[in-house]
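Peer 1: Input: one structure, supplied below.
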Amino acid sequence: MEPEEPEQPKKSKPTAKSKPKATKGATGKRNVNGEGNIRERSDGRWEGRAYVITTDGREVRRSVYGKSWEDVHEKLTKLQADTMSGKRVASSSQTVGEYLEYWLQEHARHRVRDTTYASYRWLIEKYLGPLFGKRKLTALRPADIRRGFFQLKQTCQCCAKGKDQAREDRAKKLRAERADKAPRKNARPIEGARCCAKTPRECCHDVVSDGTVRYLHRVLRGALQDAVAEDEILTENVAQKLRMDHKYRPTFKAWKPADATAFLAAIRDERLYALYAVALSLGLRRGEALGLRWQDIDLDNGAVSVEHGLHRVGGKLQLGSVKTDGSSRVIPVPKPLLAVLTKHRAAQEVERAGHLAELAAPDKKEEKAAALRAWEQGYVFTTTIGTPIEPRNVNRHFDAMCAKSGVRRIRFHDLRHSCASLLWSQGVPLEQIQDILGHADPRTTKVIYVDVAEELQRDAVDKLGFLFEDPEQ
């Protein structure tokens, strides 16, 4: 009797885990394992899904969509190619508004001056937040930014934010308070609605300027760059790709030597003559000039040390750092300006003595102590009671001085532009002008501040006059 053959073991069916994944598309092709999955949805669209690596190192499945199998297959192939090349996909679920608030606290606050930080926050709360704040950070696209900025430039901010209605409400409240009272002497009329709140309505077209849009673009671009480079929650800076159609810089024209001379001659007897002389001849910014203290000026050796600036931050005047590291500098002072500063200091001492004498009465001890604290701060340019000068008040006073002198009105900051242009017209090399103004890059000095005098341009082109000489003469 022959021995029975051993029973062959039954082959086990492949499990779902070991079974190759494959799906059949519209073309009859089957996807190789790992290629991804493409399917037709119930709404008629096609969806492709594949694994990708996020910026925080996780492997997740992402979907792409299209109108046909071919469209989805093309997008899926690109997604997988990007993954194989090392490109990561964004992982954050934050909105743009949430990230901008985080960026202000974690990045901007530690990098920029308090004044710059305050302007960043104001721009984000007033414009960027309402425009893009609710949009998902990873879903923001260049077209969204372009569309938002275009809408902003077309929208009257007075109408959109109800500014004129607020003016009318305040006026109504004040009229009601003054209804049963006698008119005040020399009282101005109570003004209310001027445009949008009128009947019929008059739009004032208070739209944002190109400069504001440019500033908004720069802030958003900087924030998104940190989301890419430092926080690693985005793979690309969509604001960096955006090409804006706004003007690059506003045009201005600096004073000619005759304008500057006429201005200083007309205001020579004014109390703040020295302030304008310093700003025009040394090219100081408004905050740098107002932040000068006598300890910063060496009258014996003729030098000014620019280390601080006076600015209003959070409703208070503060003496803070200068704009950039390169803005901290020591500038030689011309001898005529030294004489002006010496005379200004003597006049200030007389003013101080007179003010303190007015507070000599025993019942004014507290006022005198406060006055002493103000004068002891040692500011070069002060009010008549020794306190620092409000920067906006300088703007108003400068406008009045331009009207008094009869010269063309410019901004106070354009005194800095005029200083650079006047130095250039006198043949001072660009590198020295750069040091005086405190710029890190001479191109900044050349592009922004040096408005070459027309006389120099004419001298330059006149050198080509030989082209028109008659050889027979």
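Residue numbering restarts at 1 in every chain; chains get A, B, ... in the order shown in the structure tokens, and ligands count up from 1 in that same order.
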Mind listing the alpha helix (DSSP H) residues of region 43-217 of chain A, per DSSP on the backbone, as a PyMOL selection string?
Peer 2: chain A and resi 69-84+96-106+114-123+129-132+142-154+157-161+163-177+210-217
Peer 1: Please measure the separation of CA of Gln348 (chain A) and CA of Asp298 (chain A), giving the value in Å to one decimal.
Peer 2: 17.0 Å
Peer 1: Taking the DSSP secondary structure from the backbone, can you list the residues of region 97-346 of chain A that are strand (DSSP E or B), as a PyMOL selection string?
Peer 2: chain A and resi 136+293+297-298+303-306+308-313+316-321+329-332
Peer 1: Excluding same-chain residues fewer than 5 positions from Trp46 (chain A), what lies within 8 Å of it counting only C-alpha atoms, as a ChimeraX atom specification?
Peer 2: /A:38-41,65-69,72
Peer 1: Produce a file of the selected residues containing N, CA and C atoms, as a compact mmCIF listing (two decimals), in the first residue's frame.
Peer 2:
# COMPACT_ATOMS: atom_id res chain seq x y z
N ILE A 38 -7.36 58.45 -8.29
CA ILE A 38 -8.21 59.39 -9.03
C ILE A 38 -9.60 58.79 -9.13
N ARG A 39 -10.60 59.59 -8.82
CA ARG A 39 -11.96 59.10 -8.88
C ARG A 39 -12.89 60.20 -9.35
N GLU A 40 -14.04 59.81 -9.86
CA GLU A 40 -15.05 60.77 -10.27
C GLU A 40 -16.03 60.97 -9.13
N ARG A 41 -16.25 62.23 -8.77
CA ARG A 41 -17.14 62.55 -7.68
C ARG A 41 -18.59 62.57 -8.15
N TYR A 65 -8.27 68.79 -7.79
CA TYR A 65 -9.55 68.64 -8.47
C TYR A 65 -9.44 69.14 -9.90
N GLY A 66 -10.32 68.62 -10.77
CA GLY A 66 -10.35 69.03 -12.16
C GLY A 66 -11.63 68.60 -12.83
N LYS A 67 -11.80 69.04 -14.09
CA LYS A 67 -13.02 68.72 -14.83
C LYS A 67 -12.93 67.36 -15.52
N SER A 68 -11.71 66.83 -15.67
CA SER A 68 -11.54 65.55 -16.35
C SER A 68 -10.45 64.75 -15.67
N TRP A 69 -10.37 63.46 -16.03
CA TRP A 69 -9.33 62.60 -15.47
C TRP A 69 -7.96 63.11 -15.86
N VAL A 72 -6.85 66.16 -13.69
CA VAL A 72 -6.46 65.76 -12.34
C VAL A 72 -5.15 64.99 -12.37
Peer 1: Taking 3 positions as the minimum chain separation for residues in the same chain, which residues sit within 6 Å of region 201-214 of chain A when counting only C-alpha atoms? Answer as a PyMOL selection string.
Peer 2: chain A and resi 153+155-158+195-196+198+217+246
Peer 1: Could those selected residues go to a file with N, CA and C atoms, as a PDB file, in the first residue's frame?
Peer 2:
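Final output, result.pdb:
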ATOM      1  N   LYS A 153      -8.233 101.077  -3.274  1.00  0.00           N
ATOM      2  CA  LYS A 153      -7.953 102.331  -3.970  1.00  0.00           C
ATOM      3  C   LYS A 153      -9.206 102.930  -4.614  1.00  0.00           C
ATOM      4  N   THR A 155     -12.320 102.678  -3.075  1.00  0.00           N
ATOM      5  CA  THR A 155     -13.349 102.863  -2.041  1.00  0.00           C
ATOM      6  C   THR A 155     -13.079 104.124  -1.229  1.00  0.00           C
ATOM      7  N   CYS A 156     -14.067 104.971  -1.113  1.00  0.00           N
ATOM      8  CA  CYS A 156     -13.964 106.167  -0.271  1.00  0.00           C
ATOM      9  C   CYS A 156     -13.966 105.730   1.196  1.00  0.00           C
ATOM     10  N   GLN A 157     -12.895 106.004   1.899  1.00  0.00           N
ATOM     11  CA  GLN A 157     -12.772 105.577   3.288  1.00  0.00           C
ATOM     12  C   GLN A 157     -13.709 106.353   4.207  1.00  0.00           C
ATOM     13  N   CYS A 158     -14.023 107.563   3.833  1.00  0.00           N
ATOM     14  CA  CYS A 158     -14.948 108.362   4.641  1.00  0.00           C
ATOM     15  C   CYS A 158     -16.333 107.716   4.635  1.00  0.00           C
ATOM     16  N   CYS A 195     -19.753 115.870   3.948  1.00  0.00           N
ATOM     17  CA  CYS A 195     -19.828 115.154   2.666  1.00  0.00           C
ATOM     18  C   CYS A 195     -20.833 114.013   2.735  1.00  0.00           C
ATOM     19  N   CYS A 196     -20.387 112.841   3.176  1.00  0.00           N
ATOM     20  CA  CYS A 196     -21.198 111.622   3.075  1.00  0.00           C
ATOM     21  C   CYS A 196     -22.493 111.674   3.881  1.00  0.00           C
ATOM     22  N   LYS A 198     -24.321 114.302   4.429  1.00  0.00           N
ATOM     23  CA  LYS A 198     -25.206 115.375   3.990  1.00  0.00           C
ATOM     24  C   LYS A 198     -26.420 114.811   3.263  1.00  0.00           C
ATOM     25  N   HIS A 217       1.650  96.851   1.034  1.00  0.00           N
ATOM     26  CA  HIS A 217       2.273  95.736   0.301  1.00  0.00           C
ATOM     27  C   HIS A 217       3.578  95.316   0.972  1.00  0.00           C
ATOM     28  N   HIS A 246       1.021 100.687  -8.654  1.00  0.00           N
ATOM     29  CA  HIS A 246       1.071 102.000  -8.023  1.00  0.00           C
ATOM     30  C   HIS A 246       2.426 102.655  -8.266  1.00  0.00           C
TER      31      HIS A 246
END
Peer 1: Taking into account only C-alpha atoms, which residue in the set A:Leu104, A:Met84, A:Val52, A:Leu338 is nearest to Asp300 (chain A)?
Peer 2: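 Going through A:Leu104, A:Met84, A:Val52, A:Leu338 one by one, the smallest distance to Asp300 (chain A) is for A:Leu338.
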